[in-house]
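Structure data (compact mmCIF, C-alpha atoms) from target.txt:
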# COMPACT_ATOMS: atom_id res chain seq x y z
CA MET A 1078 18.23 8.94 25.23
CA ARG A 1079 17.30 10.11 21.76
CA SER A 1080 19.47 8.79 18.91
CA VAL A 1081 19.08 8.86 15.14
CA ILE A 1082 19.49 5.50 13.47
CA ASP A 1083 17.32 5.97 10.40
CA VAL A 1084 15.44 8.84 8.76
CA PRO A 1085 11.99 7.75 10.05
CA ASP A 1086 13.33 8.37 13.58
CA LEU A 1087 12.76 12.03 12.70
CA SER A 1088 9.32 13.49 12.09
CA LEU A 1089 8.69 15.62 9.04
CA GLU A 1090 8.50 18.68 11.33
CA GLU A 1091 11.86 17.80 12.90
CA ILE A 1092 13.45 17.41 9.48
CA ASP A 1093 12.06 20.79 8.46
CA ARG A 1094 13.42 22.33 11.66
CA LEU A 1095 16.83 20.75 11.03
CA MET A 1096 16.84 22.26 7.55
CA ASP A 1097 15.84 25.63 9.01
CA THR A 1098 18.74 25.41 11.48
CA ALA A 1099 21.15 24.36 8.73
CA GLU A 1100 20.13 27.33 6.60
CA ASP A 1101 20.52 29.63 9.59
CA ILE A 1102 24.02 28.23 10.19
CA ILE A 1103 24.86 28.91 6.54
CA ALA A 1104 23.58 32.48 6.87
CA HIS A 1105 25.09 33.22 10.30
CA PRO A 1106 28.04 30.89 10.94
CA ALA A 1107 29.55 33.13 13.62
CA VAL A 1108 26.44 32.75 15.79
CA TYR A 1109 27.05 29.00 15.98
CA SER A 1110 30.85 28.95 16.19
CA GLU A 1111 30.93 28.53 19.99
CA ARG A 1112 27.68 26.64 20.57
CA CYS A 1113 29.41 23.35 21.40
CA ARG A 1114 32.42 24.71 23.26
CA GLY A 1115 33.59 22.14 25.80
CA LYS A 1116 31.56 19.36 24.17
CA LYS A 1117 33.09 16.27 22.58
CA LEU A 1118 31.95 14.25 19.59
CA ALA A 1119 33.35 10.70 19.38
CA THR A 1120 33.60 9.47 15.81
CA LEU A 1121 33.76 5.67 15.90
CA PHE A 1122 34.43 4.48 12.39
CA PHE A 1123 34.89 0.73 12.22
CA GLU A 1124 35.16 0.70 8.45
CA PRO A 1125 36.86 3.07 6.00
CA SER A 1126 35.20 6.39 5.31
CA THR A 1127 36.67 9.70 4.28
CA ARG A 1128 33.86 12.08 3.56
CA THR A 1129 31.42 11.12 6.28
CA ARG A 1130 33.98 11.09 9.09
CA LEU A 1131 35.54 14.36 7.99
CA SER A 1132 32.10 15.88 7.59
CA PHE A 1133 31.13 14.99 11.17
CA GLU A 1134 34.45 16.20 12.51
CA ALA A 1135 34.29 19.46 10.54
CA ALA A 1136 30.72 19.93 11.77
CA MET A 1137 31.75 19.60 15.41
CA TYR A 1138 34.79 21.86 15.00
CA GLU A 1139 32.65 24.54 13.34
CA LEU A 1140 30.35 24.41 16.36
CA GLY A 1141 33.36 25.07 18.60
CA GLY A 1142 33.44 21.53 19.97
CA ASN A 1143 36.14 18.86 20.08
CA VAL A 1144 36.45 15.46 18.46
CA LEU A 1145 37.65 12.09 19.75
CA SER A 1146 38.28 9.79 16.83
CA VAL A 1147 38.58 6.05 16.32
CA THR A 1148 39.19 4.85 12.79
CA GLY A 1149 39.34 1.22 11.71
CA ALA A 1150 38.42 -1.81 13.75
CA GLY A 1151 42.06 -2.87 13.75
CA THR A 1152 43.14 0.04 15.95
CA SER A 1153 40.31 -0.14 18.46
CA SER A 1154 39.23 -2.44 21.24
CA ALA A 1155 36.89 -4.08 18.71
CA ALA A 1156 40.03 -5.85 17.46
CA LYS A 1157 40.27 -7.46 20.91
CA GLY A 1158 36.71 -8.68 20.60
CA GLU A 1159 34.89 -5.94 22.53
CA SER A 1160 31.19 -5.83 21.77
CA VAL A 1161 29.48 -2.80 20.26
CA ALA A 1162 27.44 -2.51 23.45
CA ASP A 1163 30.53 -2.31 25.67
CA THR A 1164 32.22 0.13 23.29
CA ALA A 1165 29.15 2.38 23.41
CA LYS A 1166 29.01 2.28 27.22
CA THR A 1167 32.72 3.05 27.48
CA VAL A 1168 32.77 5.89 24.96
CA SER A 1169 29.71 7.43 26.66
CA CYS A 1170 32.02 8.09 29.62
CA TYR A 1171 34.27 10.28 27.47
CA ALA A 1172 32.04 11.97 24.90
CA ASP A 1173 28.81 13.99 24.79
CA ILE A 1174 27.65 12.48 21.51
CA ILE A 1175 28.72 9.61 19.24
CA ALA A 1176 28.76 9.27 15.45
CA MET A 1177 29.33 5.65 14.47
CA ARG A 1178 29.96 3.75 11.26
CA HIS A 1179 30.12 -0.01 11.41
CA PRO A 1180 30.14 -2.73 8.74
CA LYS A 1181 27.37 -4.74 10.44
CA GLU A 1182 23.73 -3.82 9.90
CA GLY A 1183 22.03 -2.81 13.13
CA ALA A 1184 25.28 -1.99 14.95
CA ALA A 1185 24.22 1.64 15.43
CA LEU A 1186 20.98 0.56 17.10
CA VAL A 1187 22.91 -1.67 19.49
CA ALA A 1188 25.18 1.27 20.29
CA ALA A 1189 22.19 3.56 20.83
CA ASN A 1190 20.51 1.03 23.13
CA ASN A 1191 23.59 0.92 25.33
CA ALA A 1192 25.07 4.41 25.19
CA SER A 1193 24.17 7.06 27.76
CA VAL A 1194 24.73 9.80 25.16
CA PRO A 1195 23.02 10.31 21.78
CA VAL A 1196 24.24 8.14 18.89
CA ILE A 1197 24.09 9.18 15.24
CA ASN A 1198 24.26 6.37 12.71
CA ALA A 1199 26.95 7.30 10.20
CA GLY A 1200 26.26 4.15 8.18
CA ASP A 1201 25.68 0.56 9.31
CA GLY A 1202 26.69 -1.71 6.45
CA GLY A 1203 24.19 -1.52 3.62
CA HIS A 1204 21.34 -0.71 5.98
CA CYS A 1205 20.91 3.01 6.83
CA HIS A 1206 22.84 6.23 6.38
CA PRO A 1207 20.43 8.89 7.60
CA THR A 1208 22.75 11.90 7.47
CA GLN A 1209 23.32 11.28 3.74
CA THR A 1210 19.56 11.52 3.23
CA LEU A 1211 19.40 14.68 5.35
CA ALA A 1212 22.11 16.16 3.11
CA ASP A 1213 20.06 15.17 0.06
CA LEU A 1214 16.91 16.78 1.44
CA LEU A 1215 18.64 20.06 2.27
CA THR A 1216 20.17 20.13 -1.20
CA ILE A 1217 16.75 19.70 -2.80
CA ARG A 1218 15.22 22.43 -0.64
CA ARG A 1219 18.07 24.88 -1.28
CA GLU A 1220 18.25 24.21 -5.01
CA LYS A 1221 14.54 23.98 -5.76
CA GLY A 1222 13.10 26.15 -3.00
CA ARG A 1223 10.45 23.55 -2.18
CA MET A 1224 10.07 19.90 -1.15
CA GLY A 1225 6.82 19.17 -2.98
CA ASN A 1226 5.59 19.52 -6.54
CA LEU A 1227 8.70 17.90 -7.99
CA THR A 1228 9.51 15.20 -10.53
CA VAL A 1229 12.35 13.21 -9.01
CA GLY A 1230 14.41 10.90 -11.22
CA VAL A 1231 16.65 8.30 -9.62
CA CYS A 1232 19.08 6.56 -11.91
CA GLY A 1233 21.51 3.65 -11.80
CA ASP A 1234 21.59 0.88 -9.24
CA LEU A 1235 18.16 1.18 -7.69
CA LYS A 1236 18.15 -2.34 -6.29
CA PHE A 1237 21.07 -2.28 -3.88
CA GLY A 1238 21.55 1.48 -3.44
CA ARG A 1239 20.58 2.29 0.14
CA THR A 1240 20.76 6.03 -0.49
CA VAL A 1241 18.10 5.73 -3.18
CA HIS A 1242 15.71 3.72 -0.99
CA SER A 1243 16.17 6.13 1.87
CA LEU A 1244 15.66 9.17 -0.38
CA ILE A 1245 12.48 7.71 -1.89
CA ALA A 1246 11.15 6.97 1.62
CA ALA A 1247 12.02 10.45 2.88
CA MET A 1248 10.68 12.33 -0.15
CA SER A 1249 7.49 10.28 -0.21
CA ARG A 1250 6.43 12.13 2.96
CA TYR A 1251 6.04 15.36 0.97
CA GLU A 1252 3.13 16.45 -1.22
CA ASN A 1253 2.62 16.19 -4.95
CA LEU A 1254 5.67 14.26 -6.07
CA ARG A 1255 6.31 12.08 -9.07
CA PHE A 1256 9.15 9.58 -9.31
CA VAL A 1257 10.90 8.35 -12.43
CA LEU A 1258 12.89 5.19 -11.71
CA ILE A 1259 15.65 4.73 -14.30
CA SER A 1260 17.67 1.51 -14.15
CA PRO A 1261 18.61 -1.67 -15.98
CA GLU A 1262 16.06 -4.46 -15.56
CA GLU A 1263 18.49 -6.24 -13.22
CA LEU A 1264 18.71 -3.30 -10.86
CA LYS A 1265 15.12 -2.07 -10.50
CA VAL A 1266 13.79 -0.70 -7.21
CA PRO A 1267 12.75 -3.65 -4.97
CA SER A 1268 9.02 -4.19 -4.85
CA TYR A 1269 8.84 -3.65 -1.08
CA VAL A 1270 10.19 -0.10 -1.53
CA LYS A 1271 7.66 0.58 -4.29
CA ASN A 1272 4.83 -0.88 -2.21
CA GLU A 1273 5.61 0.81 1.09
CA CYS A 1274 6.80 4.19 -0.20
CA LEU A 1275 4.94 4.76 -3.45
CA LYS A 1276 1.92 2.50 -4.05
CA GLN A 1277 0.50 2.73 -0.53
CA LYS A 1278 0.74 6.53 -0.67
CA ASN A 1279 -0.63 6.75 -4.22
CA ILE A 1280 2.51 8.50 -5.42
CA PRO A 1281 2.76 8.27 -9.22
CA TYR A 1282 5.91 6.72 -10.65
CA THR A 1283 7.21 5.35 -13.91
CA GLN A 1284 9.99 2.87 -14.53
CA THR A 1285 12.26 2.99 -17.54
CA THR A 1286 15.62 1.75 -18.71
CA ASP A 1287 16.26 4.83 -20.85
CA LEU A 1288 17.65 7.94 -19.16
CA GLU A 1289 17.69 10.10 -22.29
CA SER A 1290 13.99 9.62 -22.98
CA VAL A 1291 12.94 11.03 -19.59
CA ILE A 1292 15.69 13.47 -18.63
CA GLY A 1293 13.68 16.40 -19.99
CA ASP A 1294 10.84 15.72 -17.53
CA LEU A 1295 12.92 15.90 -14.37
CA ASP A 1296 13.38 18.53 -11.67
CA ILE A 1297 15.88 16.33 -9.79
CA LEU A 1298 18.21 13.68 -11.20
CA TYR A 1299 19.78 11.54 -8.49
CA MET A 1300 22.57 9.47 -10.01
CA THR A 1301 24.10 6.32 -8.53
CA ARG A 1302 26.74 3.98 -9.77
CA VAL A 1303 25.97 0.85 -11.79
CA GLN A 1304 28.54 -1.64 -10.59
CA ARG A 1305 29.93 -4.43 -12.73
CA GLU A 1306 29.59 -7.01 -9.95
CA ARG A 1307 25.81 -6.51 -9.82
CA PHE A 1308 25.28 -8.07 -13.26
CA PHE A 1309 24.81 -11.74 -13.92
CA ASN A 1310 26.88 -11.58 -17.07
CA GLU A 1311 29.56 -9.33 -18.47
CA GLU A 1312 27.74 -8.90 -21.78
CA ASP A 1313 24.79 -7.15 -20.16
CA TYR A 1314 27.07 -4.90 -18.17
CA LEU A 1315 29.03 -3.83 -21.22
CA ARG A 1316 25.81 -3.24 -23.16
CA LEU A 1317 24.26 -1.08 -20.48
CA LYS A 1318 27.01 0.65 -18.59
CA ASP A 1319 27.27 3.70 -20.86
CA SER A 1320 23.50 4.30 -20.77
CA TYR A 1321 23.79 5.37 -17.18
CA ILE A 1322 26.73 7.71 -17.55
CA LEU A 1323 25.65 11.33 -17.44
CA THR A 1324 27.40 13.46 -20.06
CA PRO A 1325 27.04 17.09 -21.23
CA GLU A 1326 25.36 15.72 -24.38
CA LYS A 1327 22.62 13.99 -22.38
CA LEU A 1328 22.17 17.10 -20.27
CA GLN A 1329 21.32 19.13 -23.36
CA LYS A 1330 17.85 17.59 -23.27
CA ALA A 1331 17.37 18.44 -19.57
CA ARG A 1332 15.61 21.44 -18.07
CA PRO A 1333 17.76 24.49 -17.37
CA ASP A 1334 16.92 24.27 -13.66
CA LEU A 1335 17.55 20.52 -13.27
CA CYS A 1336 19.38 19.61 -10.07
CA VAL A 1337 21.90 16.76 -10.61
CA MET A 1338 22.76 14.93 -7.41
CA HIS A 1339 25.00 12.01 -6.43
CA PRO A 1340 25.84 10.58 -2.99
CA LEU A 1341 29.51 10.22 -4.03
CA PRO A 1342 32.06 8.75 -4.42
CA ARG A 1343 31.68 9.00 -8.17
CA VAL A 1344 33.58 6.62 -10.39
CA ASN A 1345 32.53 7.30 -13.96
CA GLU A 1346 28.75 7.59 -13.84
CA ILE A 1347 28.90 11.37 -14.15
CA SER A 1348 31.38 12.65 -16.67
CA VAL A 1349 33.86 15.12 -15.17
CA ALA A 1350 32.82 17.53 -17.93
CA VAL A 1351 29.42 17.84 -16.18
CA ASP A 1352 31.07 19.35 -13.09
CA ASP A 1353 31.21 22.79 -14.71
CA ASP A 1354 27.50 22.74 -15.54
CA PRO A 1355 25.55 24.93 -13.08
CA ARG A 1356 23.06 22.08 -12.73
CA ALA A 1357 25.71 19.87 -11.07
CA CYS A 1358 24.89 19.94 -7.35
CA TYR A 1359 26.80 16.96 -5.97
CA PHE A 1360 29.59 18.94 -4.35
CA LYS A 1361 27.02 21.30 -2.85
CA GLN A 1362 25.45 18.14 -1.42
CA VAL A 1363 28.72 17.41 0.40
CA LEU A 1364 28.70 20.87 1.96
CA ASN A 1365 25.02 20.61 2.84
CA GLY A 1366 25.80 17.34 4.59
CA LYS A 1367 28.12 19.14 6.97
CA TYR A 1368 25.48 21.75 7.80
CA MET A 1369 22.80 19.13 8.41
CA ARG A 1370 25.20 17.23 10.69
CA MET A 1371 25.82 20.46 12.61
CA ALA A 1372 22.07 20.96 12.97
CA LEU A 1373 21.59 17.35 14.07
CA ILE A 1374 24.40 17.49 16.64
CA LEU A 1375 22.87 20.67 18.09
CA MET A 1376 19.38 19.16 18.22
CA LEU A 1377 20.47 15.93 19.91
CA LEU A 1378 22.77 17.63 22.42
CA LYS A 1379 19.98 20.02 23.37
CA GLU A 1380 17.48 17.19 23.78
CA ALA A 1381 19.98 15.31 25.92
CA GLY A 1382 20.34 18.35 28.17
CA ARG A 1383 24.00 18.71 27.29
CA LEU A 1384 23.73 22.22 25.81
CA MET B 1493 -6.73 -42.53 17.97
CA ASN B 1494 -7.11 -41.63 21.64
CA VAL B 1495 -4.86 -39.57 23.84
CA ASP B 1496 -5.85 -39.50 27.49
CA SER B 1497 -7.28 -36.28 28.88
CA ILE B 1498 -4.79 -34.22 30.78
CA ARG B 1499 -5.14 -33.17 34.42
CA ASP B 1500 -3.04 -30.00 34.79
CA GLY B 1501 -1.57 -28.38 31.73
CA ILE B 1502 -2.50 -26.91 28.39
CA VAL B 1503 -4.03 -28.00 25.12
CA ILE B 1504 -3.07 -26.01 22.05
CA ASP B 1505 -5.94 -26.60 19.68
CA HIS B 1506 -6.96 -25.59 16.16
CA ILE B 1507 -3.38 -25.49 14.93
CA THR B 1508 -3.32 -25.30 11.15
CA ALA B 1509 -2.48 -28.78 9.89
CA GLY B 1510 1.23 -28.96 9.18
CA LEU B 1511 2.29 -26.31 11.71
CA GLY B 1512 2.09 -28.49 14.83
CA ARG B 1513 5.62 -29.81 14.57
CA LYS B 1514 7.04 -26.35 13.96
CA LEU B 1515 5.25 -25.05 17.03
CA TYR B 1516 6.37 -28.06 19.06
CA ASN B 1517 9.98 -27.33 18.15
CA LEU B 1518 9.84 -23.56 18.69
CA LEU B 1519 8.21 -24.03 22.10
CA GLY B 1520 11.15 -26.26 23.03
CA LEU B 1521 8.83 -29.11 24.01
CA GLU B 1522 11.30 -31.74 22.85
CA THR B 1523 13.67 -30.66 25.61
CA ILE B 1524 11.33 -30.98 28.60
CA SER B 1525 10.68 -34.18 30.51
CA VAL B 1526 6.91 -33.99 30.95
CA PRO B 1527 4.20 -35.84 29.02
CA VAL B 1528 3.57 -34.09 25.69
CA ALA B 1529 1.41 -35.28 22.82
CA LEU B 1530 1.69 -33.88 19.30
CA LEU B 1531 -1.26 -34.88 17.18
CA THR B 1532 -1.22 -34.14 13.48
CA ASN B 1533 -3.96 -34.23 10.88
CA VAL B 1534 -6.75 -34.69 13.39
CA SER B 1535 -10.27 -34.36 11.97
CA SER B 1536 -11.79 -30.97 12.65
CA GLU B 1537 -15.28 -29.63 11.93
CA LYS B 1538 -13.90 -26.10 11.73
CA LEU B 1539 -10.68 -26.69 9.78
CA GLY B 1540 -11.15 -30.07 8.12
CA ARG B 1541 -7.74 -31.15 9.42
CA LYS B 1542 -5.84 -29.70 12.34
CA ASP B 1543 -2.86 -30.32 14.59
CA MET B 1544 -2.98 -30.34 18.42
CA ILE B 1545 -0.47 -30.26 21.23
CA LYS B 1546 -1.27 -31.50 24.74
CA VAL B 1547 1.10 -30.79 27.61
CA ASP B 1548 0.24 -32.62 30.84
CA ALA B 1549 2.16 -30.36 33.20
CA ASP B 1550 1.87 -26.82 34.53
CA ILE B 1551 4.85 -25.38 32.67
CA PRO B 1552 5.36 -21.83 31.38
CA VAL B 1553 4.49 -21.54 27.70
CA ASP B 1554 5.46 -18.54 25.57
CA PHE B 1555 2.14 -17.52 24.01
CA ASN B 1556 4.03 -15.19 21.67
CA VAL B 1557 5.50 -18.25 19.96
CA ILE B 1558 2.01 -19.65 19.41
CA GLY B 1559 0.78 -16.30 18.05
CA TYR B 1560 3.75 -16.16 15.70
CA VAL B 1561 3.42 -19.68 14.33
CA ASP B 1562 -0.36 -19.80 14.10
CA PRO B 1563 -2.47 -16.86 15.28
CA GLY B 1564 -5.62 -18.93 14.69
CA ALA B 1565 -4.71 -21.44 17.39
CA THR B 1566 -6.52 -21.58 20.72
CA VAL B 1567 -5.03 -22.40 24.09
CA ASN B 1568 -7.05 -24.27 26.71
CA ILE B 1569 -5.78 -24.13 30.27
CA ILE B 1570 -6.68 -27.26 32.23
CA ARG B 1571 -6.70 -27.51 36.02
CA ASP B 1572 -7.85 -30.62 37.93
CA GLY B 1573 -9.10 -32.00 34.66
CA GLN B 1574 -11.36 -29.00 34.05
CA LEU B 1575 -11.13 -26.33 31.38
CA VAL B 1576 -10.55 -23.11 33.34
CA GLU B 1577 -9.56 -20.73 30.56
CA LYS B 1578 -9.70 -20.59 26.79
CA LYS B 1579 -7.43 -18.10 25.03
CA GLN B 1580 -7.47 -16.94 21.44
CA ILE B 1581 -3.89 -16.09 20.58
CA ASP B 1582 -3.10 -13.01 18.51
CA MET B 1583 0.08 -12.23 16.61
CA PRO B 1584 2.61 -10.64 18.98
CA GLU B 1585 4.09 -7.25 18.13
CA THR B 1586 7.56 -8.42 19.19
CA LEU B 1587 9.33 -11.77 19.23
CA VAL B 1588 12.34 -12.17 21.50
CA ASN B 1589 14.70 -15.12 21.08
CA VAL B 1590 12.16 -17.17 19.14
CA ILE B 1591 13.72 -17.08 15.69
CA ALA B 1592 17.18 -15.99 14.55
CA CYS B 1593 18.15 -13.50 11.86
CA LYS B 1594 19.62 -15.22 8.80
CA ASN B 1595 21.31 -12.12 7.40
CA PRO B 1596 25.08 -12.70 7.62
CA ARG B 1597 25.63 -8.94 7.62
CA CYS B 1598 23.41 -8.42 10.68
CA ILE B 1599 25.12 -7.44 13.95
CA THR B 1600 23.46 -10.46 15.60
CA SER B 1601 25.52 -12.73 13.34
CA CYS B 1602 28.74 -11.77 15.11
CA GLU B 1603 27.60 -10.68 18.57
CA GLN B 1604 26.10 -13.81 20.07
CA GLU B 1605 25.11 -12.13 23.35
CA LEU B 1606 22.51 -9.95 21.62
CA GLN B 1607 18.89 -10.95 21.91
CA GLN B 1608 17.23 -11.94 18.64
CA VAL B 1609 14.38 -9.44 18.34
CA PHE B 1610 11.81 -9.36 15.53
CA ARG B 1611 8.99 -6.84 15.11
CA LEU B 1612 5.69 -7.39 13.33
CA SER B 1613 6.01 -5.25 10.20
CA ASN B 1614 2.93 -6.33 8.23
CA ARG B 1615 0.03 -7.99 10.01
CA ALA B 1616 -1.84 -8.91 6.83
CA LYS B 1617 1.18 -10.73 5.45
CA LYS B 1618 2.24 -12.11 8.87
CA GLU B 1619 5.60 -10.50 8.22
CA TYR B 1620 8.26 -10.01 10.88
CA ARG B 1621 11.50 -8.09 10.45
CA CYS B 1622 14.72 -8.16 12.43
CA LEU B 1623 14.88 -5.20 14.82
CA TYR B 1624 18.52 -4.55 13.91
CA CYS B 1625 18.85 -5.03 10.15
CA GLU B 1626 15.15 -5.17 9.12
CA THR B 1627 15.65 -8.42 7.22
CA ARG B 1628 12.36 -10.26 6.79
CA ALA B 1629 11.98 -13.47 8.76
CA ALA B 1630 11.72 -16.59 6.64
CA VAL B 1631 8.16 -17.70 5.98
CA LEU B 1632 7.16 -20.64 8.14
Could you express the structure from this file as structure tokens?
Amino acid sequence: MRSVIDVPDLSLEEIDRLMDTAEDIIAHPAVYSERCRGKKLATLFFEPSTRTRLSFEAAMYELGGNVLSVTGAGTSSAAKGESVADTAKTVSCYADIIAMRHPKEGAALVAANNASVPVINAGDGGHCHPTQTLADLLTIRREKGRMGNLTVGVCGDLKFGRTVHSLIAAMSRYENLRFVLISPEELKVPSYVKNECLKQKNIPYTQTTDLESVIGDLDILYMTRVQRERFFNEEDYLRLKDSYILTPEKLQKARPDLCVMHPLPRVNEISVAVDDDPRACYFKQVLNGKYMRMALILMLLKEAGRL
Amino acid sequence: MNVDSIRDGIVIDHITAGLGRKLYNLLGLETISVPVALLTNVSSEKLGRKDMIKVDADIPVDFNVIGYVDPGATVNIIRDGQLVEKKQIDMPETLVNVIACKNPRCITSCEQELQQVFRLSNRAKKEYRCLYCETRAAVL
């Protein structure tokens, strides 16, 4: 049974096909509005999530399907000590496909190994969140019209941010890219990510602590939050925190066709005043996430012979 | 120092000096009641110094454990006092229930029934990662 736990579970061709399907859904929503009639998506969310759960549920409803929902470990059989494996086997009896978020890393793989229906990882702790990356990729393709020949800046917490690592890995599969890694010294991209995704593939990249000095070079600016608790001392945090807040003033130096992205939720790393700038794409990203989830649900249900 | 030749069993030879005890423990040899000899820092023409393990009994041995701890080791199978097979052990692609994931956020930390599975992620660096959370196994 095919499941999607991490982005590399999908080939480049499959990702391109998913993006094609998502764009077709956007262009012809009525064609897809009954595709999943009679099918059920179980959303098993064992830790709090608003956007991702709603996005999956909206995706299934827009395909004409139904949703069975579990939110919070406290209200499910997990509270009684049921294993992820048993939960997956049980829910497979009720649903055609499962989207699962769990605080433990690897939980989605355990579910996939035991379910008799496809499982989509909707986030397993700090490990993987593939549908966020799929949303990011569709946003880049729709905003830039291409996946290669781009200068991609990633900014903020590049050490712990799983969305950044996953995006770098996914984008590194395309041609002619350059990365600009913008972060405080304390929060630089881990060396294993640089080695496996950039150095081994001879993808050029630069590292800097100064967003303003490089913003004019970028086609994409992917912002993430710099969190206070990641710093060893308060002094460094206070010194650096404003450097990584995107404001209309900093955007003045950027290209007119820059695409500003953020996995959300935002706290203060992008000024609200930026929202009105046509280069702000982070709410489009949310919408694109729903379309990619629709495309993924369709693909997996078809492969499982359930459509 | 002499250790008598064995009749039926195995000799794990050419173990990198210092890894013999680790291998002895991971193979669970301290828990079995058959004659076992662990020799450390034995002179070796090939390695200078080496460790050796001799097991004088026909017991099942997980060659994957040997390949994980020391892929340069050789295994000699002895029957009726004669060497019947000599194996060069390679690094296994997968390790099952040999080592445990140390990541407290890993699903294996709270679901004890799960098998501990590690996959070879970088042969040159002898690097294994947890199948579930991809945390790197501690260096031996």
ask   = Smallest atom-to-atom distance to Phe1308 (chain A): which of A:Pro1281, A:Gly1225, A:Pro1261, A:Pro1180, using all atoms listed in the file?
value =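 When distances to Phe1308 (chain A) are compared using all atoms listed in the file, the smallest one comes from A:Pro1261.
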inquiry  = Within 7 Å of chain A, which residues belong to chain B? Use all atoms listed in the file and report them as a ChimeraX atom specification.
reply    = /B:1597-1599,1603,1624-1625
task = Just the residues within 8 Å of Leu1298 (chain A), please, counting all atoms listed in the file, with nothing from its chain fewer than 4 positions along; format it as a ChimeraX atom specification.
result = /A:1229-1232,1292,1335-1338
key: CA of Cys1593 (chain B) to CA of Val1609 (chain B), straight-line distance in Å   =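 Here the two named atoms are 8.5 Å from each other.
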request  = May I ask which of the residues A:Glu1346, A:Lys1379, A:Gln1209, A:Ser1193 is the closest one to Phe1133 (chain A), counting only C-alpha atoms?
outcome  =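 Using only C-alpha atoms, the shortest distance to Phe1133 (chain A) belongs to A:Gln1209.
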task = Considering all atoms listed in the file, state which residue in the set A:Val1349, A:Val1084, A:Ala1188, A:Leu1264 is at the smallest distance from Leu1214 (chain A).
result =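 Under the stated criterion, the closest residue is A:Val1084.
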ask   = At what distance in Å, to one decimal, does CA of Pro1596 (chain B) lie from CA of Thr1627 (chain B)?
value = 10.4 Å
key: Shell of 6 Å around region 1500-1514 of chain B, all atoms listed in the file, local chain residues under 2 positions omitted, as a list in words   = Tyr1516, Asn1517, Asn1533, Arg1541, Lys1542, Asp1543, Met1544, Ile1545, Lys1546, Val1547, Asp1548, Ala1549, Asp1550, Ala1565, Thr1566, Val1567, Asn1568, Ile1569, Ile1570, Arg1571 and Asp1572 of chain B
Export, as a PDB file, in the coordinates of the input, the selected residues with C-alpha atoms.
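What landed in result34.pdb:
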ATOM      1  CA  TYR B1516       6.370 -28.060  19.060  1.00  0.00           C
ATOM      2  CA  ASN B1517       9.980 -27.330  18.150  1.00  0.00           C
ATOM      3  CA  ASN B1533      -3.960 -34.230  10.880  1.00  0.00           C
ATOM      4  CA  ARG B1541      -7.740 -31.150   9.420  1.00  0.00           C
ATOM      5  CA  LYS B1542      -5.840 -29.700  12.340  1.00  0.00           C
ATOM      6  CA  ASP B1543      -2.860 -30.320  14.590  1.00  0.00           C
ATOM      7  CA  MET B1544      -2.980 -30.340  18.420  1.00  0.00           C
ATOM      8  CA  ILE B1545      -0.470 -30.260  21.230  1.00  0.00           C
ATOM      9  CA  LYS B1546      -1.270 -31.500  24.740  1.00  0.00           C
ATOM     10  CA  VAL B1547       1.100 -30.790  27.610  1.00  0.00           C
ATOM     11  CA  ASP B1548       0.240 -32.620  30.840  1.00  0.00           C
ATOM     12  CA  ALA B1549       2.160 -30.360  33.200  1.00  0.00           C
ATOM     13  CA  ASP B1550       1.870 -26.820  34.530  1.00  0.00           C
ATOM     14  CA  ALA B1565      -4.710 -21.440  17.390  1.00  0.00           C
ATOM     15  CA  THR B1566      -6.520 -21.580  20.720  1.00  0.00           C
ATOM     16  CA  VAL B1567      -5.030 -22.400  24.090  1.00  0.00           C
ATOM     17  CA  ASN B1568      -7.050 -24.270  26.710  1.00  0.00           C
ATOM     18  CA  ILE B1569      -5.780 -24.130  30.270  1.00  0.00           C
ATOM     19  CA  ILE B1570      -6.680 -27.260  32.230  1.00  0.00           C
ATOM     20  CA  ARG B1571      -6.700 -27.510  36.020  1.00  0.00           C
ATOM     21  CA  ASP B1572      -7.850 -30.620  37.930  1.00  0.00           C
TER      22      ASP B1572
END
request  = Please provide as a list in words all residues within 8 Å of region 1322-1327 of chain A, with the sequence filter that same-chain residues fewer than 6 positions apart are discarded (counting only C-alpha atoms).
outcome  = Glu1289, Ile1292, Asn1345, Glu1346, Ile1347, Ser1348, Ala1350 and Val1351 of chain A
message = Let me make sure I understand: among B:Asn1595, B:Gln1580, B:Asn1589, B:Ser1535, which one has the smallest atom-to-atom distance to Gly1559 (chain B) if we use only C-alpha atoms?
response =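 That would be B:Gln1580, the residue with the smallest distance to Gly1559 (chain B).
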